[in-house]
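Peer 1: Quick one: this structure, given as structure tokens, is what I'll be asking you about.
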Amino acid sequence: MAFVSVIIPYFKKKTFIERTLLSVLNQTFQDFEIILIYDDENKEDLKLIKKIASNNPKIKIIENNKNLGAGLSRNKGIKNSSGSIIAFLDSDDYWVPERLEKQINFMNENNYKFTFCNYKKKNGKEINVFSKKNKISFRDLLTDCEIGLSTVLLDKSSIFENLFPPLKTKEDFTAWLKITRENIDAYNFPEYLVEWNYSKNSLSSNTLQKIYDGFKVYNI
């Protein structure tokens, strides 16, 4: 079994972060570290996070001196990681307890470097989000991105330096394009192992920002 580094950028998600961290700490697979990158110049929420982490050596906290954004914070987390497998988790998303165990077994049994799973999108109501494809290539991604960030597990050997660009949205889409362009396809583990919380106030729901970043994606 591999050692997993779970990368979590944090910015103003106080309502969710304890449950998010517990969803990792309560995994049936326990060979992991959590690297939380605190990306808020206001340190008020840091008190709660340090309290949660105080009795658990699995949690490592990195404090940014200034707000870098989620993508650049993830890059910093990757650079400070010890795992051979990298997992990404947004600070308001949750994993089911068997998530790591099932998806890592899937990777090991098939010798895959890039995998993702299905997820449940929560926004007042629950929507099941799944891929119709077992495998997603670079060409597939050019027309549609079906890969949710908090569902991804990557073999560290497939990760480029500065994988995530300095975009406010679509930074994960750009990262997947970089990897699949090198003929490393993404494989779907077809179970719902992640809960994604969708907020109208989040950057991922900001249509104008997504259009702006969408134009930039193909020039990075």
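Letters A, B, ... mark the chains of the structure tokens in the order given; residue numbers begin at 1 per chain; ligand numbers begin at 1, in order shown.
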Given only C-alpha atoms, how would the per-residue table for segment 93-136 of chain A near segment 184-189 of chain A read, listing every residue at most 6 Å away with its closest atom pair and distance in Å to one decimal, sorted by chain and number, as a tab-separated table?
Peer 2:
```
residue	atom	partner	partner_atom	distance
A:Phe114	CA	A:Ala186	CA	4.8
A:Thr115	CA	A:Tyr187	CA	4.7
A:Phe116	CA	A:Asn188	CA	5.1
A:Cys117	CA	A:Phe189	CA	4.7
A:Asn134	CA	A:Asn188	CA	5.1
A:Lys135	CA	A:Tyr187	CA	4.5
A:Ile136	CA	A:Ala186	CA	5.0
```
Peer 1: For a quick check of understanding, using only C-alpha atoms, which of A:Leu149, A:Asp92, A:Gln103, A:Ser137 has the smallest distance to Thr169 of chain A?
Peer 2: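 With only C-alpha atoms as the atom set, the closest residue is A:Leu149.
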Peer 1: Let me make sure I understand: among A:Tyr38, A:Ser5, A:Trp176, A:Asn108, which one has the smallest atom-to-atom distance to Phe138 of chain A if we use only C-alpha atoms?
Peer 2: A:Trp176
Peer 1: Quick one, how far is atom CA of Lys43 of chain A from atom CA of Pro9 of chain A?
Peer 2: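 It comes out at 14.2 Å.
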Peer 1: Using only C-alpha atoms, what table do you get, as a tab-separated table, when you list each residue of segment 45-73 of chain A with an atom no more than 12 Å from segment 81-89 of chain A, its nearest pair of atoms, and their distance in Å rounded to one decimal, rows by chain then rising number?
Peer 2:
```
residue	atom	partner	partner_atom	distance
A:Lys58	CA	A:Ser82	CA	11.6
A:Ile59	CA	A:Ser81	CA	11.6
A:Lys60	CA	A:Ser81	CA	9.8
A:Ile61	CA	A:Ser81	CA	11.6
A:Ile62	CA	A:Ser81	CA	11.3
A:Ala70	CA	A:Leu89	CA	10.6
A:Gly71	CA	A:Phe88	CA	10.8
A:Ser73	CA	A:Phe88	CA	11.3
```
Peer 1: Identify all residues of segment 16-214 of chain A in strand (DSSP E or B) (DSSP on the backbone) and supply them as a PDB file with N, CA and C atoms, in the first residue's frame.
Peer 2:
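Done, and the output landed in states.pdb:
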```pdb
ATOM      1  N   PHE A  32      -1.667   7.904   5.822  1.00  0.00           N
ATOM      2  CA  PHE A  32      -1.721   9.191   5.131  1.00  0.00           C
ATOM      3  C   PHE A  32      -1.249  10.326   6.025  1.00  0.00           C
ATOM      4  N   GLU A  33      -0.968  11.446   5.397  1.00  0.00           N
ATOM      5  CA  GLU A  33      -0.748  12.718   6.075  1.00  0.00           C
ATOM      6  C   GLU A  33      -1.709  13.735   5.475  1.00  0.00           C
ATOM      7  N   ILE A  34      -2.111  14.711   6.268  1.00  0.00           N
ATOM      8  CA  ILE A  34      -2.930  15.822   5.781  1.00  0.00           C
ATOM      9  C   ILE A  34      -2.067  17.077   5.784  1.00  0.00           C
ATOM     10  N   ILE A  35      -1.963  17.723   4.644  1.00  0.00           N
ATOM     11  CA  ILE A  35      -1.242  18.991   4.562  1.00  0.00           C
ATOM     12  C   ILE A  35      -2.266  20.085   4.292  1.00  0.00           C
ATOM     13  N   LEU A  36      -2.549  20.871   5.309  1.00  0.00           N
ATOM     14  CA  LEU A  36      -3.514  21.965   5.186  1.00  0.00           C
ATOM     15  C   LEU A  36      -2.750  23.268   4.984  1.00  0.00           C
ATOM     16  N   ILE A  37      -3.039  23.942   3.877  1.00  0.00           N
ATOM     17  CA  ILE A  37      -2.382  25.208   3.575  1.00  0.00           C
ATOM     18  C   ILE A  37      -3.348  26.329   3.931  1.00  0.00           C
ATOM     19  N   TYR A  38      -3.028  27.048   4.996  1.00  0.00           N
ATOM     20  CA  TYR A  38      -3.897  28.125   5.480  1.00  0.00           C
ATOM     21  C   TYR A  38      -3.635  29.363   4.623  1.00  0.00           C
ATOM     22  N   ILE A  59      -1.881  15.699  10.860  1.00  0.00           N
ATOM     23  CA  ILE A  59      -2.220  16.996  10.261  1.00  0.00           C
ATOM     24  C   ILE A  59      -1.042  17.953  10.346  1.00  0.00           C
ATOM     25  N   LYS A  60      -0.591  18.445   9.207  1.00  0.00           N
ATOM     26  CA  LYS A  60       0.474  19.441   9.128  1.00  0.00           C
ATOM     27  C   LYS A  60      -0.117  20.732   8.564  1.00  0.00           C
ATOM     28  N   ILE A  61       0.183  21.844   9.196  1.00  0.00           N
ATOM     29  CA  ILE A  61      -0.375  23.136   8.771  1.00  0.00           C
ATOM     30  C   ILE A  61       0.740  24.007   8.202  1.00  0.00           C
ATOM     31  N   ILE A  62       0.491  24.532   7.009  1.00  0.00           N
ATOM     32  CA  ILE A  62       1.399  25.503   6.384  1.00  0.00           C
ATOM     33  C   ILE A  62       0.652  26.823   6.281  1.00  0.00           C
ATOM     34  N   GLU A  63       1.248  27.895   6.781  1.00  0.00           N
ATOM     35  CA  GLU A  63       0.608  29.212   6.749  1.00  0.00           C
ATOM     36  C   GLU A  63       1.209  30.058   5.622  1.00  0.00           C
ATOM     37  N   ILE A  85       1.381   8.915  -3.306  1.00  0.00           N
ATOM     38  CA  ILE A  85       0.079   9.232  -3.900  1.00  0.00           C
ATOM     39  C   ILE A  85      -0.370  10.585  -3.357  1.00  0.00           C
ATOM     40  N   ILE A  86      -0.850  11.452  -4.253  1.00  0.00           N
ATOM     41  CA  ILE A  86      -1.357  12.767  -3.870  1.00  0.00           C
ATOM     42  C   ILE A  86      -2.869  12.787  -4.036  1.00  0.00           C
ATOM     43  N   ALA A  87      -3.559  13.211  -2.990  1.00  0.00           N
ATOM     44  CA  ALA A  87      -5.018  13.377  -3.025  1.00  0.00           C
ATOM     45  C   ALA A  87      -5.338  14.844  -2.794  1.00  0.00           C
ATOM     46  N   PHE A  88      -6.362  15.327  -3.467  1.00  0.00           N
ATOM     47  CA  PHE A  88      -6.789  16.716  -3.302  1.00  0.00           C
ATOM     48  C   PHE A  88      -8.172  16.748  -2.667  1.00  0.00           C
ATOM     49  N   TYR A  94     -16.353  16.446   1.466  1.00  0.00           N
ATOM     50  CA  TYR A  94     -16.219  15.330   2.389  1.00  0.00           C
ATOM     51  C   TYR A  94     -15.997  14.026   1.634  1.00  0.00           C
ATOM     52  N   TRP A  95     -15.294  13.099   2.269  1.00  0.00           N
ATOM     53  CA  TRP A  95     -15.095  11.753   1.725  1.00  0.00           C
ATOM     54  C   TRP A  95     -15.884  10.738   2.532  1.00  0.00           C
ATOM     55  N   PHE A 114      -3.505   7.952 -12.528  1.00  0.00           N
ATOM     56  CA  PHE A 114      -4.445   9.080 -12.418  1.00  0.00           C
ATOM     57  C   PHE A 114      -5.842   8.492 -12.350  1.00  0.00           C
ATOM     58  N   THR A 115      -6.508   8.646 -11.202  1.00  0.00           N
ATOM     59  CA  THR A 115      -7.867   8.137 -11.061  1.00  0.00           C
ATOM     60  C   THR A 115      -8.775   9.183 -10.425  1.00  0.00           C
ATOM     61  N   PHE A 116     -10.056   9.019 -10.663  1.00  0.00           N
ATOM     62  CA  PHE A 116     -11.079   9.865 -10.050  1.00  0.00           C
ATOM     63  C   PHE A 116     -12.297   9.001  -9.794  1.00  0.00           C
ATOM     64  N   CYS A 117     -13.261   9.524  -9.048  1.00  0.00           N
ATOM     65  CA  CYS A 117     -14.468   8.764  -8.760  1.00  0.00           C
ATOM     66  C   CYS A 117     -15.688   9.643  -8.966  1.00  0.00           C
ATOM     67  N   ASN A 118     -16.857   9.054  -8.830  1.00  0.00           N
ATOM     68  CA  ASN A 118     -18.098   9.816  -8.906  1.00  0.00           C
ATOM     69  C   ASN A 118     -18.316  10.578  -7.603  1.00  0.00           C
ATOM     70  N   TYR A 119     -19.206  11.570  -7.642  1.00  0.00           N
ATOM     71  CA  TYR A 119     -19.462  12.345  -6.424  1.00  0.00           C
ATOM     72  C   TYR A 119     -20.905  12.823  -6.363  1.00  0.00           C
ATOM     73  N   LYS A 120     -21.301  13.213  -5.165  1.00  0.00           N
ATOM     74  CA  LYS A 120     -22.637  13.756  -4.940  1.00  0.00           C
ATOM     75  C   LYS A 120     -22.505  15.263  -4.728  1.00  0.00           C
ATOM     76  N   LYS A 121     -23.230  16.025  -5.506  1.00  0.00           N
ATOM     77  CA  LYS A 121     -23.201  17.481  -5.434  1.00  0.00           C
ATOM     78  C   LYS A 121     -24.347  17.952  -4.551  1.00  0.00           C
ATOM     79  N   LYS A 122     -24.009  18.709  -3.496  1.00  0.00           N
ATOM     80  CA  LYS A 122     -25.012  19.179  -2.543  1.00  0.00           C
ATOM     81  C   LYS A 122     -25.231  20.677  -2.699  1.00  0.00           C
ATOM     82  N   ASN A 123     -26.458  21.063  -2.991  1.00  0.00           N
ATOM     83  CA  ASN A 123     -26.840  22.473  -3.076  1.00  0.00           C
ATOM     84  C   ASN A 123     -28.324  22.571  -2.742  1.00  0.00           C
ATOM     85  N   LYS A 125     -30.380  20.379  -2.629  1.00  0.00           N
ATOM     86  CA  LYS A 125     -30.754  19.023  -3.023  1.00  0.00           C
ATOM     87  C   LYS A 125     -29.492  18.278  -3.440  1.00  0.00           C
ATOM     88  N   GLU A 126     -29.611  16.969  -3.541  1.00  0.00           N
ATOM     89  CA  GLU A 126     -28.455  16.131  -3.872  1.00  0.00           C
ATOM     90  C   GLU A 126     -28.524  15.697  -5.327  1.00  0.00           C
ATOM     91  N   ILE A 127     -27.427  15.882  -6.051  1.00  0.00           N
ATOM     92  CA  ILE A 127     -27.344  15.487  -7.451  1.00  0.00           C
ATOM     93  C   ILE A 127     -26.166  14.525  -7.615  1.00  0.00           C
ATOM     94  N   ASN A 128     -26.414  13.373  -8.224  1.00  0.00           N
ATOM     95  CA  ASN A 128     -25.342  12.425  -8.488  1.00  0.00           C
ATOM     96  C   ASN A 128     -24.599  12.839  -9.756  1.00  0.00           C
ATOM     97  N   VAL A 129     -23.283  13.013  -9.641  1.00  0.00           N
ATOM     98  CA  VAL A 129     -22.458  13.421 -10.784  1.00  0.00           C
ATOM     99  C   VAL A 129     -21.517  12.270 -11.118  1.00  0.00           C
ATOM    100  N   LYS A 135     -12.527   5.821 -19.050  1.00  0.00           N
ATOM    101  CA  LYS A 135     -11.210   6.427 -19.208  1.00  0.00           C
ATOM    102  C   LYS A 135     -11.363   7.781 -19.891  1.00  0.00           C
ATOM    103  N   ILE A 136     -10.631   8.782 -19.390  1.00  0.00           N
ATOM    104  CA  ILE A 136     -10.671  10.118 -19.983  1.00  0.00           C
ATOM    105  C   ILE A 136      -9.270  10.494 -20.455  1.00  0.00           C
ATOM    106  N   LEU A 153      -7.018  11.059  -7.270  1.00  0.00           N
ATOM    107  CA  LEU A 153      -5.797  10.513  -6.693  1.00  0.00           C
ATOM    108  C   LEU A 153      -4.765  10.439  -7.811  1.00  0.00           C
ATOM    109  N   LEU A 154      -3.558  10.944  -7.543  1.00  0.00           N
ATOM    110  CA  LEU A 154      -2.486  10.965  -8.534  1.00  0.00           C
ATOM    111  C   LEU A 154      -1.243  10.280  -8.000  1.00  0.00           C
ATOM    112  N   ASP A 155      -0.637   9.429  -8.824  1.00  0.00           N
ATOM    113  CA  ASP A 155       0.705   8.957  -8.520  1.00  0.00           C
ATOM    114  C   ASP A 155       1.635  10.162  -8.613  1.00  0.00           C
ATOM    115  N   ALA A 186      -6.887   9.437 -17.372  1.00  0.00           N
ATOM    116  CA  ALA A 186      -7.568   9.398 -16.079  1.00  0.00           C
ATOM    117  C   ALA A 186      -8.621   8.292 -16.106  1.00  0.00           C
ATOM    118  N   TYR A 187      -8.641   7.475 -15.076  1.00  0.00           N
ATOM    119  CA  TYR A 187      -9.552   6.332 -15.015  1.00  0.00           C
ATOM    120  C   TYR A 187     -10.576   6.521 -13.901  1.00  0.00           C
ATOM    121  N   ASN A 188     -11.811   6.202 -14.239  1.00  0.00           N
ATOM    122  CA  ASN A 188     -12.916   6.421 -13.310  1.00  0.00           C
ATOM    123  C   ASN A 188     -13.189   5.196 -12.460  1.00  0.00           C
ATOM    124  N   PHE A 189     -13.184   5.389 -11.129  1.00  0.00           N
ATOM    125  CA  PHE A 189     -13.681   4.366 -10.211  1.00  0.00           C
ATOM    126  C   PHE A 189     -15.161   4.681  -9.985  1.00  0.00           C
ATOM    127  N   PRO A 190     -16.065   3.857 -10.498  1.00  0.00           N
ATOM    128  CA  PRO A 190     -17.481   4.251 -10.615  1.00  0.00           C
ATOM    129  C   PRO A 190     -18.317   4.094  -9.351  1.00  0.00           C
ATOM    130  N   GLU A 191     -17.837   4.650  -8.248  1.00  0.00           N
ATOM    131  CA  GLU A 191     -18.634   4.703  -7.022  1.00  0.00           C
ATOM    132  C   GLU A 191     -18.670   6.140  -6.515  1.00  0.00           C
ATOM    133  N   TYR A 192     -19.722   6.469  -5.770  1.00  0.00           N
ATOM    134  CA  TYR A 192     -19.884   7.819  -5.212  1.00  0.00           C
ATOM    135  C   TYR A 192     -19.182   7.874  -3.854  1.00  0.00           C
ATOM    136  N   LEU A 193     -17.966   8.407  -3.864  1.00  0.00           N
ATOM    137  CA  LEU A 193     -17.132   8.393  -2.663  1.00  0.00           C
ATOM    138  C   LEU A 193     -16.877   9.779  -2.089  1.00  0.00           C
ATOM    139  N   VAL A 194     -17.397  10.817  -2.751  1.00  0.00           N
ATOM    140  CA  VAL A 194     -17.126  12.203  -2.356  1.00  0.00           C
ATOM    141  C   VAL A 194     -18.422  13.002  -2.352  1.00  0.00           C
ATOM    142  N   GLU A 195     -18.532  13.919  -1.392  1.00  0.00           N
ATOM    143  CA  GLU A 195     -19.645  14.861  -1.352  1.00  0.00           C
ATOM    144  C   GLU A 195     -19.096  16.266  -1.595  1.00  0.00           C
ATOM    145  N   TRP A 196     -19.556  16.895  -2.652  1.00  0.00           N
ATOM    146  CA  TRP A 196     -19.100  18.237  -3.021  1.00  0.00           C
ATOM    147  C   TRP A 196     -20.168  19.245  -2.634  1.00  0.00           C
ATOM    148  N   ASN A 197     -19.808  20.219  -1.813  1.00  0.00           N
ATOM    149  CA  ASN A 197     -20.740  21.263  -1.392  1.00  0.00           C
ATOM    150  C   ASN A 197     -20.637  22.455  -2.331  1.00  0.00           C
TER     151      ASN A 197
END
```
Peer 1: Could you pull out all residues of segment 102-172 of chain A with a DSSP call of alpha helix (DSSP H) and give them as a list in words?
Peer 2: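 Taking segment 102-172 of chain A and keeping alpha helix (DSSP H) gives Lys102, Gln103, Ile104, Asn105, Phe106, Met107, Asn108, Glu109, Asn110, Phe138, Arg139, Asp140, Leu141, Leu142, Thr143, Glu171 and Asp172 of chain A.
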Peer 1: Could you dump the residues just selected with N, CA and C atoms as a PDB file, in the first residue's frame?
Peer 2:
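Dumped everything to part-v6.pdb:
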```pdb
ATOM      1  N   LYS A 102     -10.718   2.046  -1.213  1.00  0.00           N
ATOM      2  CA  LYS A 102     -11.258   1.535  -2.469  1.00  0.00           C
ATOM      3  C   LYS A 102     -10.505   2.080  -3.683  1.00  0.00           C
ATOM      4  N   GLN A 103     -10.233   3.374  -3.671  1.00  0.00           N
ATOM      5  CA  GLN A 103      -9.635   3.971  -4.862  1.00  0.00           C
ATOM      6  C   GLN A 103      -8.150   3.610  -4.985  1.00  0.00           C
ATOM      7  N   ILE A 104      -7.455   3.471  -3.869  1.00  0.00           N
ATOM      8  CA  ILE A 104      -6.054   3.057  -3.926  1.00  0.00           C
ATOM      9  C   ILE A 104      -5.942   1.608  -4.401  1.00  0.00           C
ATOM     10  N   ASN A 105      -6.825   0.742  -3.941  1.00  0.00           N
ATOM     11  CA  ASN A 105      -6.841  -0.633  -4.436  1.00  0.00           C
ATOM     12  C   ASN A 105      -7.069  -0.656  -5.939  1.00  0.00           C
ATOM     13  N   PHE A 106      -7.970   0.172  -6.404  1.00  0.00           N
ATOM     14  CA  PHE A 106      -8.265   0.295  -7.838  1.00  0.00           C
ATOM     15  C   PHE A 106      -7.010   0.715  -8.607  1.00  0.00           C
ATOM     16  N   MET A 107      -6.259   1.674  -8.070  1.00  0.00           N
ATOM     17  CA  MET A 107      -5.014   2.120  -8.710  1.00  0.00           C
ATOM     18  C   MET A 107      -3.969   1.013  -8.722  1.00  0.00           C
ATOM     19  N   ASN A 108      -3.794   0.361  -7.585  1.00  0.00           N
ATOM     20  CA  ASN A 108      -2.758  -0.667  -7.477  1.00  0.00           C
ATOM     21  C   ASN A 108      -3.044  -1.879  -8.348  1.00  0.00           C
ATOM     22  N   GLU A 109      -4.292  -2.300  -8.360  1.00  0.00           N
ATOM     23  CA  GLU A 109      -4.653  -3.498  -9.124  1.00  0.00           C
ATOM     24  C   GLU A 109      -4.487  -3.303 -10.626  1.00  0.00           C
ATOM     25  N   ASN A 110      -4.626  -2.042 -11.089  1.00  0.00           N
ATOM     26  CA  ASN A 110      -4.575  -1.768 -12.523  1.00  0.00           C
ATOM     27  C   ASN A 110      -3.342  -0.974 -12.950  1.00  0.00           C
ATOM     28  N   PHE A 138      -6.689  13.206 -22.970  1.00  0.00           N
ATOM     29  CA  PHE A 138      -6.505  14.633 -23.250  1.00  0.00           C
ATOM     30  C   PHE A 138      -7.568  15.125 -24.232  1.00  0.00           C
ATOM     31  N   ARG A 139      -7.811  14.364 -25.261  1.00  0.00           N
ATOM     32  CA  ARG A 139      -8.802  14.758 -26.270  1.00  0.00           C
ATOM     33  C   ARG A 139     -10.201  14.849 -25.659  1.00  0.00           C
ATOM     34  N   ASP A 140     -10.533  13.918 -24.781  1.00  0.00           N
ATOM     35  CA  ASP A 140     -11.842  13.958 -24.108  1.00  0.00           C
ATOM     36  C   ASP A 140     -11.990  15.241 -23.288  1.00  0.00           C
ATOM     37  N   LEU A 141     -10.910  15.636 -22.600  1.00  0.00           N
ATOM     38  CA  LEU A 141     -10.959  16.817 -21.739  1.00  0.00           C
ATOM     39  C   LEU A 141     -11.129  18.104 -22.530  1.00  0.00           C
ATOM     40  N   LEU A 142     -10.717  18.111 -23.760  1.00  0.00           N
ATOM     41  CA  LEU A 142     -10.843  19.324 -24.574  1.00  0.00           C
ATOM     42  C   LEU A 142     -12.301  19.708 -24.801  1.00  0.00           C
ATOM     43  N   THR A 143     -13.192  18.740 -24.690  1.00  0.00           N
ATOM     44  CA  THR A 143     -14.613  19.026 -24.920  1.00  0.00           C
ATOM     45  C   THR A 143     -15.426  19.094 -23.626  1.00  0.00           C
ATOM     46  N   GLU A 171      -8.472  26.031 -12.407  1.00  0.00           N
ATOM     47  CA  GLU A 171      -7.065  25.671 -12.233  1.00  0.00           C
ATOM     48  C   GLU A 171      -6.894  24.158 -12.219  1.00  0.00           C
ATOM     49  N   ASP A 172      -7.919  23.441 -11.728  1.00  0.00           N
ATOM     50  CA  ASP A 172      -7.838  21.983 -11.734  1.00  0.00           C
ATOM     51  C   ASP A 172      -7.958  21.438 -13.159  1.00  0.00           C
TER      52      ASP A 172
END
```
Peer 1: Would you please work out which residue, of A:Leu68, A:Leu163, A:Ile17, A:Ala2, is nearest to Leu46 of chain A when using only C-alpha atoms?
Peer 2: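 Looking at the shortest contact to Leu46 of chain A, the residue is A:Ile17.
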Peer 1: Of the candidates A:Lys170, A:Lys47, A:Lys14, A:Lys79, which one gets nearest to Lys156 of chain A if we count only C-alpha atoms?
Peer 2: A:Lys79
